[in-house]
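What's in input-v9.pdb: PDB, C-alpha atoms, pLDDT in the B column
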```
ATOM      1  CA  MET A   1       0.000   0.000   0.000  1.00 84.00           C
ATOM      2  CA  THR A   2       1.129   3.511  -0.716  1.00 92.00           C
ATOM      3  CA  LYS A   3       1.000   6.220   1.948  1.00 92.00           C
ATOM      4  CA  GLU A   4      -1.585   8.051  -0.177  1.00 94.00           C
ATOM      5  CA  GLN A   5      -3.903   4.998  -0.233  1.00 96.00           C
ATOM      6  CA  MET A   6      -3.431   4.588   3.514  1.00 97.00           C
ATOM      7  CA  ARG A   7      -4.148   8.306   4.072  1.00 96.00           C
ATOM      8  CA  LYS A   8      -7.403   8.045   2.077  1.00 96.00           C
ATOM      9  CA  GLU A   9      -8.442   4.986   4.121  1.00 97.00           C
ATOM     10  CA  ALA A  10      -7.604   6.826   7.354  1.00 97.00           C
ATOM     11  CA  ALA A  11      -9.762   9.803   6.323  1.00 96.00           C
ATOM     12  CA  GLU A  12     -12.703   7.449   5.689  1.00 96.00           C
ATOM     13  CA  ARG A  13     -12.248   5.935   9.145  1.00 96.00           C
ATOM     14  CA  MET A  14     -12.118   9.388  10.720  1.00 95.00           C
ATOM     15  CA  HIS A  15     -15.484  10.120   9.069  1.00 93.00           C
ATOM     16  CA  MET A  16     -16.850   6.813  10.426  1.00 92.00           C
ATOM     17  CA  LEU A  17     -15.762   7.794  13.943  1.00 92.00           C
ATOM     18  CA  GLY A  18     -17.350  11.233  13.686  1.00 90.00           C
ATOM     19  CA  LEU A  19     -14.173  13.221  14.227  1.00 93.00           C
ATOM     20  CA  LEU A  20     -14.576  16.987  13.845  1.00 89.00           C
ATOM     21  CA  ASP A  21     -15.177  17.882  10.206  1.00 89.00           C
ATOM     22  CA  GLU A  22     -16.708  21.326   9.880  1.00 90.00           C
ATOM     23  CA  LYS A  23     -16.182  24.050   7.301  1.00 85.00           C
ATOM     24  CA  GLU A  24     -14.221  26.249   9.723  1.00 84.00           C
ATOM     25  CA  GLN A  25     -12.206  23.486  11.346  1.00 86.00           C
ATOM     26  CA  SER A  26     -11.630  19.960  10.151  1.00 93.00           C
ATOM     27  CA  VAL A  27      -9.233  17.495  11.754  1.00 94.00           C
ATOM     28  CA  ILE A  28      -9.864  15.280   8.727  1.00 95.00           C
ATOM     29  CA  ARG A  29      -8.835  17.973   6.228  1.00 95.00           C
ATOM     30  CA  ASP A  30      -5.755  18.826   8.341  1.00 95.00           C
ATOM     31  CA  PHE A  31      -4.800  15.149   8.342  1.00 96.00           C
ATOM     32  CA  GLU A  32      -5.297  14.765   4.582  1.00 94.00           C
ATOM     33  CA  GLU A  33      -3.429  17.928   3.651  1.00 93.00           C
ATOM     34  CA  GLU A  34      -0.673  18.080   6.284  1.00 92.00           C
ATOM     35  CA  HIS A  35      -0.678  14.659   8.003  1.00 91.00           C
ATOM     36  CA  LYS A  36      -1.475  16.561  11.197  1.00 94.00           C
ATOM     37  CA  VAL A  37      -2.708  14.143  13.844  1.00 95.00           C
ATOM     38  CA  TYR A  38      -4.949  15.468  16.599  1.00 96.00           C
ATOM     39  CA  VAL A  39      -5.018  14.153  20.159  1.00 95.00           C
ATOM     40  CA  SER A  40      -8.264  13.617  22.073  1.00 94.00           C
ATOM     41  CA  ARG A  41      -7.992  14.261  25.785  1.00 91.00           C
ATOM     42  CA  PRO A  42     -11.117  13.006  27.516  1.00 85.00           C
ATOM     43  CA  MET A  43     -12.571  15.366  30.117  1.00 79.00           C
ATOM     44  CA  ASN A  44     -15.577  14.954  32.331  1.00 70.00           C
ATOM     45  CA  LEU A  45     -17.688  18.053  31.719  1.00 60.00           C
ATOM     46  CA  GLY A  46     -20.877  16.529  33.119  1.00 58.00           C
ATOM     47  CA  VAL A  47     -20.519  13.963  30.343  1.00 61.00           C
ATOM     48  CA  MET A  48     -17.331  12.542  28.891  1.00 67.00           C
ATOM     49  CA  VAL A  49     -16.079  14.818  26.131  1.00 75.00           C
ATOM     50  CA  GLY A  50     -13.118  14.148  23.849  1.00 84.00           C
ATOM     51  CA  VAL A  51     -11.474  17.567  23.689  1.00 86.00           C
ATOM     52  CA  LEU A  52      -9.192  17.913  20.651  1.00 92.00           C
ATOM     53  CA  TYR A  53      -5.645  19.269  20.834  1.00 93.00           C
ATOM     54  CA  GLU A  54      -2.970  19.608  18.189  1.00 92.00           C
ATOM     55  CA  TRP A  55      -0.200  17.130  18.782  1.00 92.00           C
ATOM     56  CA  SER A  56       2.941  18.299  20.545  1.00 91.00           C
ATOM     57  CA  ASP A  57       6.412  17.822  19.062  1.00 91.00           C
ATOM     58  CA  GLU A  58       6.999  14.990  21.547  1.00 90.00           C
ATOM     59  CA  GLU A  59       3.728  13.285  20.573  1.00 92.00           C
ATOM     60  CA  ARG A  60       4.604  13.674  16.876  1.00 94.00           C
ATOM     61  CA  THR A  61       7.982  12.007  17.506  1.00 92.00           C
ATOM     62  CA  LEU A  62       6.299   9.123  19.349  1.00 92.00           C
ATOM     63  CA  VAL A  63       3.759   8.642  16.533  1.00 95.00           C
ATOM     64  CA  GLU A  64       6.495   8.673  13.863  1.00 95.00           C
ATOM     65  CA  LYS A  65       8.501   6.095  15.840  1.00 93.00           C
ATOM     66  CA  VAL A  66       5.472   3.783  16.099  1.00 95.00           C
ATOM     67  CA  GLU A  67       4.559   4.283  12.416  1.00 96.00           C
ATOM     68  CA  ASN A  68       8.069   3.326  11.326  1.00 95.00           C
ATOM     69  CA  GLN A  69       8.299   0.361  13.685  1.00 95.00           C
ATOM     70  CA  PHE A  70       5.016  -1.235  12.571  1.00 96.00           C
ATOM     71  CA  GLN A  71       4.618   0.156   9.019  1.00 96.00           C
ATOM     72  CA  ILE A  72       1.268   1.762   9.891  1.00 97.00           C
ATOM     73  CA  LEU A  73      -0.304   5.185   9.482  1.00 98.00           C
ATOM     74  CA  VAL A  74      -1.602   6.715  12.722  1.00 98.00           C
ATOM     75  CA  TYR A  75      -4.630   8.959  12.193  1.00 97.00           C
ATOM     76  CA  HIS A  76      -5.752   9.756  15.741  1.00 97.00           C
ATOM     77  CA  VAL A  77      -4.441   9.534  19.294  1.00 97.00           C
ATOM     78  CA  ILE A  78      -6.385   9.362  22.562  1.00 96.00           C
ATOM     79  CA  ARG A  79      -4.418  10.491  25.632  1.00 94.00           C
ATOM     80  CA  ASN A  80      -5.556   9.259  29.045  1.00 91.00           C
ATOM     81  CA  VAL A  81      -4.130   9.923  32.484  1.00 87.00           C
ATOM     82  CA  THR A  82      -4.710   6.774  34.566  1.00 86.00           C
ATOM     83  CA  ASN A  83      -3.442   5.149  37.750  1.00 86.00           C
ATOM     84  CA  ALA A  84      -1.343   2.891  35.506  1.00 86.00           C
ATOM     85  CA  GLY A  85       0.331   5.811  33.730  1.00 87.00           C
ATOM     86  CA  ILE A  86      -0.220   8.258  30.911  1.00 90.00           C
ATOM     87  CA  LEU A  87      -1.595   6.209  28.013  1.00 93.00           C
ATOM     88  CA  TYR A  88      -1.531   7.115  24.333  1.00 95.00           C
ATOM     89  CA  ALA A  89      -3.916   4.957  22.277  1.00 97.00           C
ATOM     90  CA  MET A  90      -2.976   5.275  18.596  1.00 97.00           C
ATOM     91  CA  LEU A  91      -5.609   4.470  15.984  1.00 98.00           C
ATOM     92  CA  SER A  92      -4.025   3.477  12.703  1.00 97.00           C
ATOM     93  CA  VAL A  93      -4.314   1.961   9.258  1.00 97.00           C
ATOM     94  CA  SER A  94      -2.338  -1.194   8.545  1.00 96.00           C
ATOM     95  CA  SER A  95      -0.103  -1.323   5.477  1.00 96.00           C
ATOM     96  CA  TYR A  96      -1.805  -4.651   4.629  1.00 95.00           C
ATOM     97  CA  GLU A  97      -4.986  -3.958   2.667  1.00 96.00           C
ATOM     98  CA  GLU A  98      -6.382  -7.418   3.459  1.00 96.00           C
ATOM     99  CA  GLU A  99      -6.674  -6.312   7.117  1.00 95.00           C
ATOM    100  CA  TRP A 100      -8.769  -3.229   6.288  1.00 96.00           C
ATOM    101  CA  PRO A 101     -12.237  -4.876   6.227  1.00 95.00           C
ATOM    102  CA  ALA A 102     -11.789  -6.178   9.795  1.00 93.00           C
ATOM    103  CA  GLU A 103     -10.330  -2.859  10.926  1.00 93.00           C
ATOM    104  CA  ARG A 104     -13.328  -0.974   9.439  1.00 93.00           C
ATOM    105  CA  LYS A 105     -15.817  -3.434  10.966  1.00 92.00           C
ATOM    106  CA  ALA A 106     -14.406  -2.695  14.427  1.00 91.00           C
ATOM    107  CA  LEU A 107     -15.371   0.986  13.993  1.00 91.00           C
ATOM    108  CA  LYS A 108     -19.008   0.476  13.012  1.00 86.00           C
ATOM    109  CA  GLY A 109     -20.457   0.443  16.534  1.00 73.00           C
ATOM    110  CA  ILE A 110     -19.531   4.055  17.308  1.00 73.00           C
ATOM    111  CA  GLU A 111     -23.135   5.298  16.921  1.00 68.00           C
ATOM    112  CA  ALA A 112     -24.586   2.382  18.924  1.00 65.00           C
ATOM    113  CA  GLY A 113     -22.536   2.883  22.053  1.00 73.00           C
ATOM    114  CA  GLY A 114     -18.934   2.250  21.141  1.00 83.00           C
ATOM    115  CA  ALA A 115     -16.385   1.022  18.654  1.00 89.00           C
ATOM    116  CA  ASN A 116     -13.635  -1.518  19.352  1.00 90.00           C
ATOM    117  CA  PRO A 117     -10.679  -0.608  17.166  1.00 94.00           C
ATOM    118  CA  LEU A 118      -7.304  -2.256  17.417  1.00 94.00           C
ATOM    119  CA  ALA A 119      -4.865   0.316  18.760  1.00 97.00           C
ATOM    120  CA  TYR A 120      -1.250   0.543  19.761  1.00 97.00           C
ATOM    121  CA  VAL A 121      -1.223   1.841  23.334  1.00 96.00           C
ATOM    122  CA  TRP A 122       1.942   3.477  24.669  1.00 94.00           C
ATOM    123  CA  ASN A 123       2.268   3.724  28.456  1.00 93.00           C
ATOM    124  CA  ALA A 124       4.524   6.690  29.178  1.00 90.00           C
ATOM    125  CA  GLY A 125       4.677   5.695  32.843  1.00 86.00           C
ATOM    126  CA  LEU A 126       3.681   7.297  36.104  1.00 81.00           C
ATOM    127  CA  GLN A 127       4.849  10.844  35.694  1.00 72.00           C
ATOM    128  CA  ASP A 128       3.543  14.316  36.215  1.00 67.00           C
ATOM    129  CA  GLU A 129       0.569  14.914  33.907  1.00 58.00           C
ATOM    130  CA  GLU A 130       2.443  17.648  32.056  1.00 58.00           C
ATOM    131  CA  ALA A 131       5.668  15.643  31.631  1.00 60.00           C
ATOM    132  CA  LEU A 132       6.553  15.241  27.981  1.00 63.00           C
ATOM    133  CA  ASP A 133       9.402  12.705  27.999  1.00 68.00           C
ATOM    134  CA  LEU A 134       7.671  10.050  25.918  1.00 74.00           C
ATOM    135  CA  SER A 135      10.888   8.137  25.139  1.00 74.00           C
ATOM    136  CA  LYS A 136      10.523   6.048  28.280  1.00 79.00           C
ATOM    137  CA  GLY A 137       7.726   3.558  28.680  1.00 86.00           C
ATOM    138  CA  PHE A 138       6.337   0.587  26.810  1.00 90.00           C
ATOM    139  CA  GLY A 139       3.562  -0.270  24.394  1.00 94.00           C
ATOM    140  CA  GLU A 140       1.339  -3.086  23.238  1.00 95.00           C
ATOM    141  CA  TRP A 141      -1.437  -3.828  20.744  1.00 97.00           C
ATOM    142  CA  GLY A 142      -5.002  -4.449  21.831  1.00 95.00           C
ATOM    143  CA  SER A 143      -8.657  -3.675  21.215  1.00 93.00           C
ATOM    144  CA  ILE A 144      -9.940  -0.614  23.018  1.00 94.00           C
ATOM    145  CA  LEU A 145     -13.459   0.726  23.526  1.00 92.00           C
ATOM    146  CA  VAL A 146     -14.073   4.256  22.235  1.00 92.00           C
ATOM    147  CA  VAL A 147     -17.071   6.562  22.060  1.00 88.00           C
ATOM    148  CA  GLY A 148     -17.467   9.848  20.233  1.00 85.00           C
ATOM    149  CA  GLY A 149     -17.955  13.170  21.904  1.00 77.00           C
ATOM    150  CA  GLU A 150     -17.806  16.797  20.772  1.00 76.00           C
ATOM    151  CA  GLY A 151     -15.572  16.155  17.779  1.00 85.00           C
ATOM    152  CA  GLY A 152     -13.041  13.954  19.530  1.00 90.00           C
ATOM    153  CA  LEU A 153     -13.013  10.474  21.058  1.00 93.00           C
ATOM    154  CA  CYS A 154     -13.074   9.069  24.585  1.00 90.00           C
ATOM    155  CA  GLN A 155     -11.598   5.724  25.539  1.00 90.00           C
ATOM    156  CA  ILE A 156     -13.803   3.814  27.966  1.00 86.00           C
ATOM    157  CA  PHE A 157     -12.156   1.626  30.562  1.00 82.00           C
ATOM    158  CA  PRO A 158     -14.069  -1.344  31.988  1.00 74.00           C
ATOM    159  CA  ASP A 159     -14.896  -1.316  35.674  1.00 67.00           C
ATOM    160  CA  TYR A 160     -13.338  -4.437  37.221  1.00 56.00           C
ATOM    161  CA  GLU A 161     -14.714  -4.135  40.753  1.00 53.00           C
TER     162      GLU A 161
END
```

Can you present the structure in this file as structure tokens?
Amino acid sequence: MTKEQMRKEAAERMHMLGLLDEKEQSVIRDFEEEHKVYVSRPMNLGVMVGVLYEWSDEERTLVEKVENQFQILVYHVIRNVTNAGILYAMLSVSSYEEEWPAERKALKGIEAGGANPLAYVWNAGLQDEEALDLSKGFGEWGSILVVGGEGGLCQIFPDYE
């Protein structure tokens, strides 16, 4: 797959997930034109809202490292501060087109209460919330649960009580 084909596929997935795409501001257009990846930072404003931020230089470096390591194209990141560390869930397009139907299928439940995309999740460790040294930590692949909200995404964590 070429990067251009992967970028087109990523834009379609961003539409499926309901990421902000308005005339005045479009994270999808920014991604298509500049490969700018936005970061959702879930906040509880009475309801969970995925507030969108432009990626920092450190987040861009982390995304590029992961893209090169796994030959993927990251199109959105969800940043969560948890008791286990600061987590960066990276939604991506595989460079293997035969995997795309399953990857798309995992996104279809977003309107009905949640989608379960495969994501690469980087744990930056237990550090101050504003710390930006993302070179330390570890990552792994797994399915995550996401819901839409106010243009961005929120990752939902199961309650294991």

Which residues fall under the PyMOL selection byres ((chain A and resi 5-7) around 10) in this file, as a PyMOL selection string? chain A and resi 1-4+8-13+31-33+35+72-75+92-97+100

Just give me the gap between CA of Gly125 (chain A) and CA of Gly148 (chain A) in Å, one decimal is fine.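 Those two atoms sit 25.8 Å apart.
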
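Interatomic distance, CA of Ser143 (chain A) against CA of Thr82 (chain A): 17.4 Å.
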
Mind giving me the straight-line distance from CA of Gln71 (chain A) to CA of Tyr120 (chain A) in Å, one decimal?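 If I compute the distance from CA of Gln71 (chain A) to CA of Tyr120 (chain A), I get 12.2 Å.
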
Applied to the shown file, which residues does the PyMOL selection byres ((chain A and resi 136) around 9) return, written as JSON, numbers by chain? {"A": [123, 124, 125, 133, 134, 135, 137, 138]}

Could you tell me, as JSON, numbers by chain, exactly which residues end up selected when the PyMOL selection byres ((chain A and resi 37) around 8) is applied to this structure? {"A": [27, 30, 31, 35, 36, 38, 39, 54, 55, 60, 74, 75, 76, 77]}

For Ala89 (chain A), which residue among A:Ser56, A:Leu20, A:Gly149, A:Val121 is the nearest when counting only C-alpha atoms?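 Closest residue, counting only C-alpha atoms: A:Val121.
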
List the neighbours of Leu107 (chain A) out to 10 Å using only C-alpha atoms; skip same-chain residues closer than 4 positions along the sequence, and give me the result as a list in words.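 Result of the neighbour search: Arg13, Met14, Met16, Leu17, Ala102, Glu103, Glu111, Gly114, Ala115, Asn116, Pro117, Leu118, Leu145, Val146 and Val147 of chain A.
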
Written selection (C-alpha atoms) as a tab-separated table (two decimals), keeping the file's coordinate frame:
```tsv
chain	number	residue	atom	x	y	z
A	13	ARG	CA	-12.25	5.94	9.14
A	14	MET	CA	-12.12	9.39	10.72
A	16	MET	CA	-16.85	6.81	10.43
A	17	LEU	CA	-15.76	7.79	13.94
A	102	ALA	CA	-11.79	-6.18	9.80
A	103	GLU	CA	-10.33	-2.86	10.93
A	111	GLU	CA	-23.14	5.30	16.92
A	114	GLY	CA	-18.93	2.25	21.14
A	115	ALA	CA	-16.39	1.02	18.65
A	116	ASN	CA	-13.64	-1.52	19.35
A	117	PRO	CA	-10.68	-0.61	17.17
A	118	LEU	CA	-7.30	-2.26	17.42
A	145	LEU	CA	-13.46	0.73	23.53
A	146	VAL	CA	-14.07	4.26	22.24
A	147	VAL	CA	-17.07	6.56	22.06
```

Please list as a VMD selection string every residue within 10 Å of Glu22 (chain A), counting all atoms listed in the file and excluding residues in the same chain fewer than 6 positions away. chain A and resid 28 to 29 151

Using all atoms listed in the file for the distances, tell me which of A:Ile156, A:Gln25, A:Arg41, A:Trp122 is nearest to Asn80 (chain A).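 The answer is A:Arg41, which sits nearest to Asn80 (chain A).
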
Which residue gives the smallest distance to His15 (chain A) among A:Pro42, A:Ile78, A:Arg104, A:Leu87, with all atoms listed in the file counted? A:Arg104
